[in-house]
>>> print(open('model28.tsv').read())   # TSV, C-alpha atoms
chain	number	residue	atom	x	y	z
L	1	MET	CA	93.67	234.17	120.67
L	2	GLY	CA	94.34	233.28	124.30
L	3	PHE	CA	95.10	230.11	126.22
L	4	TYR	CA	91.46	228.96	126.23
L	5	SER	CA	91.00	229.30	122.45
L	6	ASN	CA	94.35	227.77	121.58
L	7	PHE	CA	94.73	224.97	124.11
L	8	VAL	CA	91.29	224.09	125.49
L	9	ILE	CA	88.79	224.68	122.69
L	10	PRO	CA	90.55	222.44	120.09
L	11	TYR	CA	90.30	219.39	122.34
L	12	CYS	CA	86.73	220.18	123.42
L	13	ILE	CA	85.60	220.63	119.82
L	14	ASP	CA	87.40	217.50	118.69
L	15	LEU	CA	85.68	215.45	121.37
L	16	ALA	CA	82.24	216.99	120.82
L	17	MET	CA	82.36	216.68	117.03
L	18	SER	CA	83.69	213.12	116.84
L	19	GLY	CA	80.33	211.40	117.36
L	20	SER	CA	79.18	208.66	114.99
L	21	ASN	CA	75.99	210.55	114.07
L	22	LEU	CA	78.01	213.54	112.94
L	23	GLY	CA	80.35	211.24	111.05
L	24	GLN	CA	77.36	209.94	109.13
L	25	TYR	CA	76.43	213.47	108.07
L	26	ARG	CA	80.02	214.13	106.99
L	27	GLN	CA	80.03	210.99	104.87
L	28	GLU	CA	76.70	211.83	103.24
L	29	LEU	CA	77.83	215.36	102.45
L	30	LEU	CA	81.21	214.41	100.99
L	31	LYS	CA	80.39	211.26	99.05
L	32	ASP	CA	80.18	213.04	95.68
L	33	VAL	CA	82.65	215.90	96.22
L	34	SER	CA	85.09	216.31	93.35
L	35	GLY	CA	87.53	218.57	91.50
L	36	GLU	CA	89.56	221.32	93.12
L	37	ILE	CA	88.36	221.39	96.73
L	38	LEU	CA	88.50	224.06	99.43
L	39	GLU	CA	87.46	223.27	103.00
L	40	ILE	CA	86.65	226.24	105.22
L	41	GLY	CA	87.01	225.68	108.96
L	42	PHE	CA	89.19	222.57	108.73
L	43	GLY	CA	89.36	222.37	112.52
L	44	THR	CA	91.06	219.18	113.72
L	45	GLY	CA	90.62	217.40	110.40
L	46	LEU	CA	87.57	215.28	111.24
L	47	ASN	CA	86.34	215.37	107.64
L	48	LEU	CA	89.47	213.74	106.22
L	49	PRO	CA	88.39	210.07	106.59
L	50	HIS	CA	85.10	210.83	104.84
L	51	TYR	CA	86.40	212.17	101.54
L	52	PRO	CA	85.91	209.67	98.69
L	53	GLU	CA	88.89	207.73	97.34
L	54	GLN	CA	89.19	209.83	94.19
L	55	VAL	CA	90.02	212.93	96.25
L	56	THR	CA	93.82	213.18	96.51
L	57	LYS	CA	94.29	216.84	97.46
L	58	ILE	CA	92.36	219.56	99.28
L	59	THR	CA	93.10	223.14	100.28
L	60	THR	CA	91.99	224.09	103.79
L	61	VAL	CA	91.65	227.25	105.84
L	62	GLU	CA	91.45	227.43	109.63
L	63	PRO	CA	91.95	230.53	111.81
L	64	ASN	CA	92.59	228.79	115.13
L	65	LEU	CA	96.29	228.05	115.60
L	66	GLY	CA	95.49	225.63	118.39
L	67	MET	CA	93.77	223.25	115.99
L	68	GLN	CA	97.04	222.53	114.18
L	69	LYS	CA	98.42	219.86	116.51
L	70	LEU	CA	95.39	217.60	116.21
L	71	ALA	CA	94.95	218.40	112.53
L	72	ARG	CA	98.56	217.62	111.65
L	73	SER	CA	98.26	214.19	113.26
L	74	ARG	CA	95.23	213.34	111.11
L	75	ILE	CA	96.87	214.72	107.97
L	76	LYS	CA	99.85	212.39	108.48
L	77	GLN	CA	97.49	209.42	108.68
L	78	SER	CA	95.59	210.40	105.53
L	79	GLN	CA	96.32	209.60	101.89
L	80	ILE	CA	95.07	213.06	100.96
L	81	THR	CA	97.54	215.89	100.41
L	82	VAL	CA	96.39	218.87	102.48
L	83	ASP	CA	97.44	222.42	101.68
L	84	TYR	CA	96.81	223.73	105.21
L	85	LYS	CA	96.50	227.50	105.60
L	86	ILE	CA	96.03	229.49	108.80
L	87	LEU	CA	93.42	231.96	107.55
L	88	ASN	CA	89.91	233.11	108.32
L	89	GLY	CA	87.08	232.60	105.88
L	90	GLU	CA	86.15	236.24	105.46
L	91	ASP	CA	89.17	237.28	103.40
L	92	LEU	CA	90.50	234.46	101.22
L	93	PRO	CA	93.65	235.08	99.15
L	94	MET	CA	92.60	232.67	96.39
L	95	ARG	CA	91.74	233.96	92.93
L	96	ASP	CA	88.19	234.18	91.62
L	97	ALA	CA	86.72	230.96	90.20
L	98	THR	CA	89.45	228.67	91.59
L	99	PHE	CA	87.50	225.76	93.09
L	100	ASP	CA	84.94	223.22	91.91
L	101	SER	CA	83.76	222.51	95.45
L	102	VAL	CA	83.82	224.33	98.77
L	103	VAL	CA	83.13	222.29	101.92
L	104	CYS	CA	81.99	223.74	105.24
L	105	THR	CA	80.93	221.66	108.27
L	106	TRP	CA	79.76	223.21	111.54
L	107	THR	CA	81.71	226.39	110.85
L	108	LEU	CA	79.25	229.10	109.76
L	109	CYS	CA	77.98	229.25	113.33
L	110	SER	CA	81.24	230.76	114.56
L	111	ILE	CA	82.54	232.98	111.73
L	112	PRO	CA	82.19	236.60	112.92
L	113	LEU	CA	81.42	238.11	109.48
L	114	VAL	CA	79.46	235.17	108.17
L	115	GLU	CA	77.83	237.00	105.24
L	116	GLN	CA	81.24	238.12	104.02
L	117	ALA	CA	82.57	234.56	104.33
L	118	ILE	CA	79.74	233.16	102.21
L	119	ALA	CA	80.34	235.88	99.63
L	120	GLU	CA	83.97	234.73	99.51
L	121	VAL	CA	82.77	231.17	98.90
L	122	VAL	CA	80.79	232.40	95.91
L	123	ARG	CA	83.76	234.34	94.61
L	124	VAL	CA	86.26	231.48	94.70
L	125	LEU	CA	83.86	228.92	93.21
L	126	LYS	CA	83.93	228.27	89.49
L	127	PRO	CA	80.66	228.80	87.59
L	128	GLY	CA	78.60	225.70	88.31
L	129	GLY	CA	80.73	224.97	91.39
L	130	ARG	CA	79.10	223.62	94.53
L	131	PHE	CA	79.07	224.74	98.15
L	132	LEU	CA	78.50	221.68	100.35
L	133	PHE	CA	77.61	222.36	103.97
L	134	VAL	CA	76.18	220.90	107.14
L	135	GLU	CA	75.58	223.33	110.00
L	136	HIS	CA	73.53	223.72	113.13
L	137	GLY	CA	71.34	226.78	113.57
L	138	LEU	CA	67.99	228.31	114.37
L	139	SER	CA	65.19	225.81	114.87
L	140	GLN	CA	61.76	226.18	113.28
L	141	GLU	CA	60.11	225.68	116.67
L	142	PRO	CA	59.39	228.98	118.48
L	143	ARG	CA	59.90	227.44	121.93
L	144	VAL	CA	63.33	226.13	120.93
L	145	GLN	CA	64.20	229.47	119.32
L	146	VAL	CA	63.56	231.23	122.63
L	147	TRP	CA	66.19	229.12	124.35
L	148	GLN	CA	68.60	229.34	121.44
L	149	ASN	CA	68.42	233.14	121.64
L	150	ARG	CA	68.82	233.11	125.42
L	151	LEU	CA	71.79	230.75	125.41
L	152	THR	CA	73.71	232.12	122.44
L	153	PRO	CA	75.57	234.81	124.43
L	154	ILE	CA	76.84	232.10	126.79
L	155	GLN	CA	77.57	229.70	123.94
L	156	LYS	CA	79.67	232.33	122.16
L	157	VAL	CA	81.91	232.60	125.21
L	158	ILE	CA	82.33	228.92	126.02
L	159	ALA	CA	82.44	227.65	122.40
L	160	ASP	CA	84.73	230.21	120.77
L	161	GLY	CA	82.13	232.34	119.01
L	162	CYS	CA	79.54	229.66	118.21
L	163	HIS	CA	75.98	230.97	117.67
L	164	LEU	CA	73.02	228.68	118.33
L	165	ASN	CA	70.58	230.91	116.48
L	166	ARG	CA	71.96	231.65	113.03
L	167	ARG	CA	69.49	231.42	110.16
L	168	ILE	CA	71.67	229.21	107.97
L	169	LYS	CA	69.14	228.72	105.17
L	170	GLU	CA	68.58	232.45	104.76
L	171	LEU	CA	72.29	233.22	104.92
L	172	VAL	CA	73.09	230.80	102.12
L	173	GLU	CA	70.10	231.77	99.99
L	174	GLN	CA	71.15	235.42	100.13
L	175	GLN	CA	74.25	234.53	98.10
L	176	PHE	CA	73.16	231.54	95.97
L	177	LEU	CA	70.20	231.19	93.61
L	178	THR	CA	70.15	227.39	93.58
L	179	VAL	CA	70.08	225.88	97.08
L	180	THR	CA	68.90	222.46	98.26
L	181	ILE	CA	68.67	222.10	102.04
L	182	LYS	CA	67.51	219.33	104.35
L	183	GLN	CA	66.53	220.52	107.86
L	184	PHE	CA	66.22	218.14	110.81
L	185	TYR	CA	67.01	217.50	114.44
L	186	ALA	CA	70.04	215.30	115.02
L	187	PRO	CA	69.12	212.39	117.29
L	188	ASN	CA	70.71	212.23	120.72
L	189	LEU	CA	71.44	215.96	120.81
L	190	PRO	CA	69.53	218.65	122.72
L	191	LYS	CA	67.25	220.58	120.40
L	192	VAL	CA	68.95	223.88	121.14
L	193	ILE	CA	72.18	222.65	119.54
L	194	GLY	CA	70.90	219.85	117.33
L	195	TYR	CA	68.86	221.55	114.63
L	196	MET	CA	70.76	220.83	111.41
L	197	TYR	CA	70.94	222.31	107.94
L	198	GLN	CA	72.53	219.99	105.37
L	199	GLY	CA	72.69	221.14	101.80
L	200	VAL	CA	74.28	222.00	98.50
L	201	ALA	CA	74.30	225.42	96.83
L	202	VAL	CA	75.32	225.87	93.21
L	203	LYS	CA	76.97	228.98	91.78
>>> encode(input="model28.tsv", output="C-alpha cells")
Amino acid sequence: MGFYSNFVIPYCIDLAMSGSNLGQYRQELLKDVSGEILEIGFGTGLNLPHYPEQVTKITTVEPNLGMQKLARSRIKQSQITVDYKILNGEDLPMRDATFDSVVCTWTLCSIPLVEQAIAEVVRVLKPGGRFLFVEHGLSQEPRVQVWQNRLTPIQKVIADGCHLNRRIKELVEQQFLTVTIKQFYAPNLPKVIGYMYQGVAVK
C-alpha cells in the first residue's frame, strides 16, 4: 500500500463513515450480537461504541496498516478487549467453527476476492452462527445502476477499491441458505452510494 492508502484514505473513510445515520445502522445491527465475535474490516473502530454491554472481547481483521492509528485510539477508550490483527478477509488463519458471530460493515464493497471472503466467513462460523452485515451496493433502480456502473472504476481508485455496484444480496445468498435482508436508500446520501443492504445470514 502506498502513501494515499496508508495516510489519506484512513482519515477520509473515518470522516465519511462517522455520520449519525450510519451510527444508527451500526447500533441496530449490533444490538443482539453475542458469543465469540469476529469483525471483518475493523477500519478505524467506528463500531466499537455500538456493541452491547455484554460484549467484552472481539477479534478483528483489517488489511490497511494506515487504519491502526485511529483504531488504536478508539480501542484505548473502549471497555472491550480487541484482538486486532492485520489481515485480509480472504484468507483467515482461524480454525473452522470458531465464532458465534461475524460482523461486517461497509467492507464487502472493497474486498478484492469478495466471494472467497464470504466463504471464509461461513467456514469460521459455528453451526447456527450468524453473519451480521450492513453494506452499500447495487440499487434496484435501472437508472441508478447505470451511474453506479459508470462511476465504479473511479470510485475504486479514489476510495481504495470500493465498488458501488456489487450485488450484496446475491453474494451472501450464494454462501448462506438462511438470509434476511432489508434493502433501502439511506437518507441524505446520493443514491449511487446510498443503497443499503442490512441483514443477518445464518450458517
>>> axis_aligned_box(input="model28.tsv", around="stretch 178-183 of chain L", padding_each_side="6 Å", output="AutoDock Vina command-line options")
--center_x 68.3 --center_y 223.4 --center_z 100.7 --size_x 15.6 --size_y 20.1 --size_z 26.3
>>> atom_distance(input="model28.tsv", atom1="atom CA of L:Pro112", atom2="atom CA of L:His163")
9.6 Å
>>> closest_residue(input="model28.tsv", among="L:Ile40, L:Ile13, L:Ala97, L:Val144", to="L:Lys85", atoms="all atoms listed in the file")
L:Ile40
>>> closest_residue(input="model28.tsv", among="L:Gln183, L:Gln140, L:Asn64, L:Thr105", to="L:Ile9", atoms="all atoms listed in the file")
L:Asn64
>>> closest_residue(input="model28.tsv", among="L:Leu189, L:Val122, L:Tyr4, L:His136", to="L:Gln174", atoms="only C-alpha atoms")
L:Val122
>>> residues_around(input="model28.tsv", residues="stretch 87-89 of chain L", least_positions_apart="6", cutoff="6 Å", atoms="all atoms listed in the file", output="list in words")
Val61, Glu62, Pro63 and Ala117 of chain L
>>> residues_around(input="model28.tsv", residues="L:Ala201", least_positions_apart="3", cutoff="9 Å", atoms="all atoms listed in the file", output="PyMOL selection string")
chain L and resi 129-133+172-173+176-181
>>> residues_around(input="model28.tsv", residues="L:Asp91", least_positions_apart="4", cutoff="10 Å", atoms="all atoms listed in the file", output="PDB file with C-alpha atoms, in the coordinates of the input")
ATOM      1  CA  LEU L  87      93.420 231.960 107.550  1.00  0.00           C
ATOM      2  CA  LEU L 113      81.420 238.110 109.480  1.00  0.00           C
ATOM      3  CA  GLN L 116      81.240 238.120 104.020  1.00  0.00           C
ATOM      4  CA  ALA L 117      82.570 234.560 104.330  1.00  0.00           C
ATOM      5  CA  ALA L 119      80.340 235.880  99.630  1.00  0.00           C
ATOM      6  CA  GLU L 120      83.970 234.730  99.510  1.00  0.00           C
ATOM      7  CA  VAL L 121      82.770 231.170  98.900  1.00  0.00           C
TER       8      VAL L 121
END
>>> atom_distance(input="model28.tsv", atom1="atom CA of L:Glu53", atom2="atom CA of L:Met196")
26.4 Å
>>> residues_around(input="model28.tsv", residues="L:Tyr51", least_positions_apart="3", cutoff="8 Å", atoms="only C-alpha atoms", output="ChimeraX atom specification")
/L:27,30-31,33,47-48,55
>>> atom_distance(input="model28.tsv", atom1="atom CA of L:Met94", atom2="atom CA of L:Gln198")
25.4 Å
>>> residues_around(input="model28.tsv", residues="L:Ser73", least_positions_apart="4", cutoff="12 Å", atoms="only C-alpha atoms", output="VMD selection string")
chain L and resid 44 to 46 48 67 to 69 77 to 78 82
>>> residues_near_point(input="model28.tsv", point="(88.6, 231.7, 93.8)", cutoff="7 Å", atoms="only C-alpha atoms", output="list in words")
Met94, Arg95, Asp96, Ala97, Thr98, Phe99, Arg123, Val124 and Leu125 of chain L
>>> write_last_selection(input="model28.tsv", atoms="C-alpha atoms", output="mmCIF file, keeping the file's coordinate frame")
data_model
loop_
_atom_site.group_PDB
_atom_site.id
_atom_site.type_symbol
_atom_site.label_atom_id
_atom_site.label_comp_id
_atom_site.auth_asym_id
_atom_site.auth_seq_id
_atom_site.Cartn_x
_atom_site.Cartn_y
_atom_site.Cartn_z
ATOM 1 C CA MET L 94 92.600 232.670 96.390
ATOM 2 C CA ARG L 95 91.740 233.960 92.930
ATOM 3 C CA ASP L 96 88.190 234.180 91.620
ATOM 4 C CA ALA L 97 86.720 230.960 90.200
ATOM 5 C CA THR L 98 89.450 228.670 91.590
ATOM 6 C CA PHE L 99 87.500 225.760 93.090
ATOM 7 C CA ARG L 123 83.760 234.340 94.610
ATOM 8 C CA VAL L 124 86.260 231.480 94.700
ATOM 9 C CA LEU L 125 83.860 228.920 93.210
#
>>> closest_residue(input="model28.tsv", among="L:Leu70, L:Ala186, L:Val134, L:Cys109", to="L:Asn165", atoms="all atoms listed in the file")
L:Cys109
>>> closest_residue(input="model28.tsv", among="L:Glu90, L:Glu141, L:Glu135, L:Asp14", to="L:Trp106", atoms="all atoms listed in the file")
L:Glu135
>>> closest_residue(input="model28.tsv", among="L:Leu138, L:Glu170, L:Gly43, L:Glu28", to="L:Cys12", atoms="all atoms listed in the file")
L:Gly43
>>> decode(input="model28.tsv", residues="stretch 46-60 of chain L", atoms="C-alpha atoms", output="PDB file, in the first residue's frame")
ATOM      1  CA  LEU L  46     -16.273   3.024  14.458  1.00  0.00           C
ATOM      2  CA  ASN L  47     -18.343   0.007  15.510  1.00  0.00           C
ATOM      3  CA  LEU L  48     -16.829  -0.184  18.999  1.00  0.00           C
ATOM      4  CA  PRO L  49     -19.250   2.203  20.775  1.00  0.00           C
ATOM      5  CA  HIS L  50     -22.225   0.302  19.368  1.00  0.00           C
ATOM      6  CA  TYR L  51     -21.507  -3.153  20.752  1.00  0.00           C
ATOM      7  CA  PRO L  52     -23.857  -4.067  23.621  1.00  0.00           C
ATOM      8  CA  GLU L  53     -22.587  -4.027  27.206  1.00  0.00           C
ATOM      9  CA  GLN L  54     -22.341  -7.807  27.453  1.00  0.00           C
ATOM     10  CA  VAL L  55     -19.658  -7.882  24.746  1.00  0.00           C
ATOM     11  CA  THR L  56     -16.251  -7.776  26.456  1.00  0.00           C
ATOM     12  CA  LYS L  57     -13.969  -9.083  23.711  1.00  0.00           C
ATOM     13  CA  ILE L  58     -13.862  -9.167  19.914  1.00  0.00           C
ATOM     14  CA  THR L  59     -11.361 -10.394  17.337  1.00  0.00           C
ATOM     15  CA  THR L  60     -10.857  -8.078  14.372  1.00  0.00           C
TER      16      THR L  60
END
